[in-house]
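Everything below concerns the one structure shown next.
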Amino acid sequence: MKDDIIFSPFQIKNFTLRNRLGVAPMTRMSSPGDSIPRQDVLDFLVRRAENGAAIVYTEAIVTDYESSQGYPGQARLTTQRQIDAWRQVVDKIHAHGGLAIMQMFHCGRMAWPEVNPAGRAIAPSRLAPKQLNPLTGQPYPLPEVMSQFDIDHVINGFVETAKGAVLAGFDGIEVHGAHGYLISQFLSTYSNQRDDNYGGSVENRFRFAREVTESVALVVPEDRLLIFRISNWGVADAQVSLFANAAEWQEMIGLLVRMPIDVISLSTYNFRDKAFGTDRTMAQLTREVTPLPMMICGQIHDRKSAEEALESADIALSSKSMLLNPNWVEDVRAGKTLPLYKSDDANIAYSKEPLP
Ligand SMILES: Cc1cc2nc3c(=O)[nH]c(=O)nc-3n(C[C@H](O)[C@H](O)[C@H](O)COP(=O)(O)O)c2cc1C
């Protein structure tokens, strides 16, 4: 019989994952006030570990109290109360045999200044996304160009949040460099038109990501994982390819893998799509330039798709299937026929009702 790749263990540093399936990061907007998610939102994560997920990601946690928040009710991880709340979740995920990973992000120009205590919108360049903010129906604000002070301040927010995650016991910490949010905005010429040493060449556009990652690495102990998520697409102006071609993508990945990271997390619309007009997928193009452990996400919804995704990556993350099907891991194991959920199906993430 063919080896069951999905349910074979995988070793990353000192961690043995029990299988290759994980819960992708999912923002839930349930944390108004004290920036601690609603209890049922936290319990949802624990139940996914109970169902067998090897990895459970938090939602994108915002990195400061000033300009990082792009959606109402996002969570933070810098006060003792927030740390204590997450500590309980991490302990329960561990008790069910899962690894807990905290994802942190800054929205940059994907801003909604009213939900930020300081009401600011900052970005590499003074360029707003072209589309309207789907949640407000209004244009995104024209952002202020980040000064060196802003850059240093924002990096500090990532560092403080990573410290909070370490104290809460998370096994891994992810820098969200995907989906057209702040770090991704620096990486792409679509949003970065700076003429200082943070813009222009691939190396310059990577500089902010490098400074964030290197600064965060200093506070992440050797026995935890540091992960970087990257994509070629953004949540706004989603049709735009953030990188020009396969060569630019591979050059960027080449810089990324020189960072003190343990895993790359690759986010795609559909893991099967051929990338940049080549005959290879994003995962294959990435694999060509690095042997680093790799997670892949994008329309992995059943046993067949997970098996196929794992031919060019090590860990398969699912968002919508994990969100909507509390028994997804076991259903995959059983090889059940499972639906491919649509984006609209995921709106349930923002309901006030507890999810199963
Ligand atoms: C409700 C919802 C919230 C999401 N929030 C985040 C997030 O906070 N951080 C992130 O990196 N991706 C986020 N995503 C994107 C997912 O992690 C994933 O990349 C995407 O949904 C594709 O995976 P899927 O085809 O398995 O749903 C979100 C997706 C959904 C549906």
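Each chain in the structure tokens gets a letter, A, B, ..., in the order shown, and its residues are numbered from 1; ligands are numbered from 1 in order too.
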Which residues come within 9 Å of Leu292 of chain A, counting only C-alpha atoms, excluding same-chain residues fewer than 3 positions away, as a ChimeraX atom specification?
/A:257,261-264,287
With a distance cut-off of 8 Å and only C-alpha atoms, select the neighbouring residues of Tyr181 of chain A, excluding the residue or stretch itself and same-chain residues fewer than 6 positions from it, and output the selection as a VMD selection string.
chain A and resid 105 to 110 234
Hey, what's within 9 Å of segment 134-137 of chain A if we count only C-alpha atoms and toss same-chain stuff fewer than 2 positions away? As an NGL selection string, please?
:A and (71 or 112 or 131-132 or 139 or 236)
Given the choices A:Lys342, A:His153, A:Lys274, A:Arg20, which gets closest to ligand 1 if the distance is worked out from only C-alpha atoms and all ligand atoms?
A:Lys342
List as a list of chain:residue names the protein and nucleic acid residues near Ser351 of chain A, meaning an atom at most 12 Å away when only C-alpha atoms are counted, but skip any in the same chain fewer than 2 places from it.
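Neighbouring residues, sequence-local ones excluded: A:Arg28, A:Met29, A:Ser30, A:Arg38, A:Asp40, A:Val41, A:Asp345, A:Ala346, A:Asn347, A:Ile348, A:Ala349, A:Glu353, A:Pro354, A:Leu355.
DSSP on the backbone gives strand (DSSP E or B) for these parts of segment 273-346 of chain A: A:Lys274, A:Thr281, A:Met294, A:Met295, A:Ile296, A:Cys297, A:Ile315, A:Ala316, A:Leu317, A:Ser318.
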So that I have them on file, write out the residues from the current selection with N, CA, C and O atoms, as an mmCIF file, in the first residue's frame.
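File out_15.cif, as written:
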```
data_model
loop_
_atom_site.group_PDB
_atom_site.id
_atom_site.type_symbol
_atom_site.label_atom_id
_atom_site.label_comp_id
_atom_site.auth_asym_id
_atom_site.auth_seq_id
_atom_site.Cartn_x
_atom_site.Cartn_y
_atom_site.Cartn_z
ATOM 1 N N LYS A 274 -0.797 27.139 -12.214
ATOM 2 C CA LYS A 274 0.562 27.387 -12.710
ATOM 3 C C LYS A 274 0.869 28.870 -12.497
ATOM 4 O O LYS A 274 -0.008 29.724 -12.649
ATOM 5 N N THR A 281 3.901 25.303 -10.454
ATOM 6 C CA THR A 281 3.059 25.954 -9.447
ATOM 7 C C THR A 281 3.937 26.835 -8.552
ATOM 8 O O THR A 281 5.175 26.757 -8.600
ATOM 9 N N MET A 294 8.027 23.684 4.000
ATOM 10 C CA MET A 294 7.100 24.604 3.355
ATOM 11 C C MET A 294 5.654 24.198 3.628
ATOM 12 O O MET A 294 5.290 23.031 3.507
ATOM 13 N N MET A 295 4.850 25.203 3.980
ATOM 14 C CA MET A 295 3.409 24.985 4.103
ATOM 15 C C MET A 295 2.763 25.557 2.848
ATOM 16 O O MET A 295 3.244 26.545 2.300
ATOM 17 N N ILE A 296 1.648 24.926 2.456
ATOM 18 C CA ILE A 296 0.940 25.408 1.276
ATOM 19 C C ILE A 296 -0.542 25.514 1.604
ATOM 20 O O ILE A 296 -1.074 24.719 2.376
ATOM 21 N N CYS A 297 -1.193 26.502 1.019
ATOM 22 C CA CYS A 297 -2.619 26.737 1.290
ATOM 23 C C CYS A 297 -3.290 27.206 0.002
ATOM 24 O O CYS A 297 -2.656 27.862 -0.817
ATOM 25 N N ILE A 315 3.455 20.640 4.433
ATOM 26 C CA ILE A 315 2.295 20.753 5.312
ATOM 27 C C ILE A 315 1.178 21.442 4.521
ATOM 28 O O ILE A 315 1.431 22.446 3.840
ATOM 29 N N ALA A 316 -0.026 20.895 4.614
ATOM 30 C CA ALA A 316 -1.165 21.476 3.907
ATOM 31 C C ALA A 316 -2.048 22.214 4.909
ATOM 32 O O ALA A 316 -2.534 21.609 5.872
ATOM 33 N N LEU A 317 -2.234 23.499 4.681
ATOM 34 C CA LEU A 317 -3.124 24.281 5.548
ATOM 35 C C LEU A 317 -4.468 24.445 4.852
ATOM 36 O O LEU A 317 -4.520 24.625 3.640
ATOM 37 N N SER A 318 -5.509 24.428 5.636
ATOM 38 C CA SER A 318 -6.825 24.730 5.087
ATOM 39 C C SER A 318 -7.494 25.790 5.941
ATOM 40 O O SER A 318 -7.371 25.787 7.164
#
```
Enumerate residues in contact with ligand 1: an atom-to-atom distance of at most 6 Å, counting only C-alpha atoms and all ligand atoms. Format the result as a PDB file with N, CA and C atoms, in the first residue's frame.
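Contents of selection38.pdb, as written:
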```pdb
ATOM      1  N   ALA A  24      -5.303  27.044   8.840  1.00  0.00           N
ATOM      2  CA  ALA A  24      -4.706  28.304   8.356  1.00  0.00           C
ATOM      3  C   ALA A  24      -5.157  29.463   9.252  1.00  0.00           C
ATOM      4  N   PRO A  25      -4.366  30.542   9.280  1.00  0.00           N
ATOM      5  CA  PRO A  25      -4.785  31.698  10.078  1.00  0.00           C
ATOM      6  C   PRO A  25      -6.092  32.293   9.569  1.00  0.00           C
ATOM      7  N   MET A  26      -6.994  32.591  10.489  1.00  0.00           N
ATOM      8  CA  MET A  26      -8.290  33.171  10.119  1.00  0.00           C
ATOM      9  C   MET A  26      -8.707  34.280  11.069  1.00  0.00           C
ATOM     10  N   THR A  27      -8.766  35.480  10.548  1.00  0.00           N
ATOM     11  CA  THR A  27      -9.240  36.633  11.311  1.00  0.00           C
ATOM     12  C   THR A  27     -10.713  36.452  11.632  1.00  0.00           C
ATOM     13  N   GLU A  59      -5.699  33.728  14.561  1.00  0.00           N
ATOM     14  CA  GLU A  59      -6.007  34.775  13.601  1.00  0.00           C
ATOM     15  C   GLU A  59      -4.802  35.716  13.495  1.00  0.00           C
ATOM     16  N   ALA A  60      -4.820  36.616  12.520  1.00  0.00           N
ATOM     17  CA  ALA A  60      -3.755  37.619  12.406  1.00  0.00           C
ATOM     18  C   ALA A  60      -3.874  38.571  13.593  1.00  0.00           C
ATOM     19  N   SER A 267       0.932  31.104   0.468  1.00  0.00           N
ATOM     20  CA  SER A 267      -0.516  31.243   0.332  1.00  0.00           C
ATOM     21  C   SER A 267      -0.875  31.454  -1.132  1.00  0.00           C
ATOM     22  N   TYR A 269      -4.289  31.168  -4.241  1.00  0.00           N
ATOM     23  CA  TYR A 269      -5.736  30.998  -4.450  1.00  0.00           C
ATOM     24  C   TYR A 269      -6.062  29.525  -4.605  1.00  0.00           C
ATOM     25  N   CYS A 297      -1.193  26.502   1.019  1.00  0.00           N
ATOM     26  CA  CYS A 297      -2.619  26.737   1.290  1.00  0.00           C
ATOM     27  C   CYS A 297      -3.290  27.206   0.002  1.00  0.00           C
ATOM     28  N   GLY A 298      -4.547  26.881  -0.153  1.00  0.00           N
ATOM     29  CA  GLY A 298      -5.311  27.346  -1.310  1.00  0.00           C
ATOM     30  C   GLY A 298      -6.114  26.224  -1.945  1.00  0.00           C
ATOM     31  N   GLN A 299      -7.363  26.095  -1.519  1.00  0.00           N
ATOM     32  CA  GLN A 299      -8.312  25.126  -2.085  1.00  0.00           C
ATOM     33  C   GLN A 299      -7.950  23.669  -1.792  1.00  0.00           C
ATOM     34  N   ILE A 300      -7.262  23.457  -0.706  1.00  0.00           N
ATOM     35  CA  ILE A 300      -7.033  22.076  -0.256  1.00  0.00           C
ATOM     36  C   ILE A 300      -8.264  21.706   0.564  1.00  0.00           C
ATOM     37  N   SER A 318      -5.509  24.428   5.636  1.00  0.00           N
ATOM     38  CA  SER A 318      -6.825  24.730   5.087  1.00  0.00           C
ATOM     39  C   SER A 318      -7.494  25.790   5.941  1.00  0.00           C
ATOM     40  N   SER A 319      -8.182  26.683   5.271  1.00  0.00           N
ATOM     41  CA  SER A 319      -8.914  27.709   5.997  1.00  0.00           C
ATOM     42  C   SER A 319     -10.410  27.374   5.990  1.00  0.00           C
ATOM     43  N   LYS A 320     -11.025  27.466   4.819  1.00  0.00           N
ATOM     44  CA  LYS A 320     -12.494  27.342   4.787  1.00  0.00           C
ATOM     45  C   LYS A 320     -12.983  25.957   5.224  1.00  0.00           C
ATOM     46  N   ALA A 346     -17.543  31.539   3.886  1.00  0.00           N
ATOM     47  CA  ALA A 346     -16.677  31.848   5.032  1.00  0.00           C
ATOM     48  C   ALA A 346     -17.173  33.037   5.845  1.00  0.00           C
ATOM     49  N   ALA A 349     -17.637  33.164   9.566  1.00  0.00           N
ATOM     50  CA  ALA A 349     -16.541  33.443  10.518  1.00  0.00           C
ATOM     51  C   ALA A 349     -16.875  34.661  11.381  1.00  0.00           C
TER      52      ALA A 349
END
```
Alpha helix (DSSP H) positions in segment 105-252 of chain A, given as a PyMOL selection string
chain A and resi 148-168+182-187+202-217+246-252
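Using only C-alpha atoms, the shortest contact distance between Asp195 of chain A and any of A:Val166, A:Val145, A:Ile6, A:Leu218 is found at A:Val145.
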May I have the residues within 7 Å of segment 209-217 of chain A as an NGL selection string, using only C-alpha atoms and disregarding those fewer than 6 positions away in the same chain?
:A and (155 or 158-159 or 162 or 183 or 259-260)
Kindly save the residues from that selection, with N, CA, C and O atoms included, as an mmCIF file, in the first residue's frame.
```cif
data_model
loop_
_atom_site.group_PDB
_atom_site.id
_atom_site.type_symbol
_atom_site.label_atom_id
_atom_site.label_comp_id
_atom_site.auth_asym_id
_atom_site.auth_seq_id
_atom_site.Cartn_x
_atom_site.Cartn_y
_atom_site.Cartn_z
ATOM 1 N N ILE A 155 8.424 47.982 13.615
ATOM 2 C CA ILE A 155 9.234 46.774 13.885
ATOM 3 C C ILE A 155 9.152 46.438 15.364
ATOM 4 O O ILE A 155 8.998 45.277 15.758
ATOM 5 N N PHE A 158 6.115 44.437 16.168
ATOM 6 C CA PHE A 158 6.262 43.006 15.849
ATOM 7 C C PHE A 158 7.056 42.305 16.961
ATOM 8 O O PHE A 158 6.704 41.198 17.385
ATOM 9 N N VAL A 159 8.108 42.964 17.430
ATOM 10 C CA VAL A 159 8.963 42.346 18.457
ATOM 11 C C VAL A 159 8.182 42.166 19.762
ATOM 12 O O VAL A 159 8.208 41.093 20.377
ATOM 13 N N ALA A 162 5.714 39.357 19.408
ATOM 14 C CA ALA A 162 6.403 38.052 19.440
ATOM 15 C C ALA A 162 6.773 37.685 20.877
ATOM 16 O O ALA A 162 6.626 36.526 21.292
ATOM 17 N N ILE A 183 3.892 44.275 5.176
ATOM 18 C CA ILE A 183 5.185 43.726 4.728
ATOM 19 C C ILE A 183 5.122 43.400 3.239
ATOM 20 O O ILE A 183 6.038 43.719 2.471
ATOM 21 N N MET A 259 17.083 34.335 5.847
ATOM 22 C CA MET A 259 16.649 34.829 7.165
ATOM 23 C C MET A 259 16.666 33.677 8.175
ATOM 24 O O MET A 259 16.618 32.520 7.796
ATOM 25 N N PRO A 260 16.693 34.027 9.467
ATOM 26 C CA PRO A 260 16.672 32.957 10.482
ATOM 27 C C PRO A 260 15.274 32.369 10.661
ATOM 28 O O PRO A 260 14.715 32.353 11.759
#
```
Write out as a CSV table (one decimal) with all heavy atoms, in the first residue's frame which residues come within 6 Å of segment 303-309 of chain A when counting only C-alpha atoms, dropping same-chain ones fewer than 2 positions away.
```
chain,number,residue,atom,x,y,z
A,300,ILE,N,-7.3,23.5,-0.7
A,300,ILE,CA,-7.0,22.1,-0.3
A,300,ILE,C,-8.3,21.7,0.6
A,300,ILE,O,-8.5,22.3,1.6
A,300,ILE,CB,-5.7,22.0,0.6
A,300,ILE,CG1,-4.5,22.4,-0.3
A,300,ILE,CG2,-5.6,20.6,1.2
A,300,ILE,CD1,-3.3,22.7,0.5
A,311,GLU,N,2.8,16.8,-2.6
A,311,GLU,CA,3.8,16.4,-3.5
A,311,GLU,C,4.9,17.5,-3.6
A,311,GLU,O,6.1,17.2,-3.9
A,311,GLU,CB,3.3,16.1,-4.9
A,311,GLU,CG,2.5,14.8,-4.9
A,311,GLU,CD,1.8,14.6,-6.2
A,311,GLU,OE1,2.0,15.3,-7.2
A,311,GLU,OE2,0.9,13.7,-6.3
A,332,VAL,N,-11.0,13.7,6.1
A,332,VAL,CA,-9.9,13.5,5.1
A,332,VAL,C,-9.3,12.2,5.3
A,332,VAL,O,-9.1,11.4,4.4
A,332,VAL,CB,-8.9,14.6,5.3
A,332,VAL,CG1,-7.6,14.3,4.5
A,332,VAL,CG2,-9.4,16.0,4.9
A,335,GLY,N,-11.3,9.7,3.8
A,335,GLY,CA,-11.4,9.8,2.3
A,335,GLY,C,-12.8,10.1,1.9
A,335,GLY,O,-13.2,9.8,0.8
```
Non-local contacts of Leu77 of chain A (10 Å; only C-alpha atoms; under 2 positions in same chain excluded) as a CSV table (one decimal) with C-alpha atoms, in the first residue's frame:
```
chain,number,residue,atom,x,y,z
A,35,SER,CA,-8.4,42.8,22.1
A,36,ILE,CA,-9.0,39.3,23.4
A,61,ILE,CA,-2.8,39.4,15.6
A,62,VAL,CA,-2.2,43.1,15.2
A,63,THR,CA,1.2,44.4,16.3
A,64,ASP,CA,0.6,47.7,17.9
A,75,ALA,CA,-6.8,40.7,18.7
A,79,THR,CA,-0.7,42.9,27.7
A,80,GLN,CA,-0.6,40.4,30.5
A,81,ARG,CA,-4.3,39.8,30.2
A,82,GLN,CA,-4.0,39.0,26.5
A,83,ILE,CA,-1.0,36.7,27.2
A,84,ASP,CA,-2.9,34.9,30.0
A,85,ALA,CA,-6.0,34.4,27.8
A,86,TRP,CA,-3.9,32.9,24.9
A,102,MET,CA,0.7,32.9,16.4
A,104,MET,CA,1.1,38.7,13.5
A,160,GLU,CA,6.7,43.1,21.4
A,161,THR,CA,3.9,40.9,20.0
A,162,ALA,CA,6.4,38.1,19.4
A,163,LYS,CA,7.5,38.4,23.1
A,164,GLY,CA,3.9,38.1,24.1
A,165,ALA,CA,3.5,35.0,22.0
A,167,LEU,CA,5.3,34.1,27.1
A,168,ALA,CA,1.9,32.6,26.1
```
Suppose you want the space between atom CA of Gln103 of chain A and atom CA of Glu174 of chain A; what is it in Å?
4.5 Å
Rounded to one decimal in Å, what is the spacing between atom CA of Gln39 of chain A and atom CA of His94 of chain A?
17.6 Å
Smallest atom-to-atom distance to Ser241 of chain A: which of A:Gln88, A:Ser67, A:Thr278, A:Ser188, using only C-alpha atoms?
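Nearest candidate to Ser241 of chain A out of A:Gln88, A:Ser67, A:Thr278, A:Ser188: A:Ser188.
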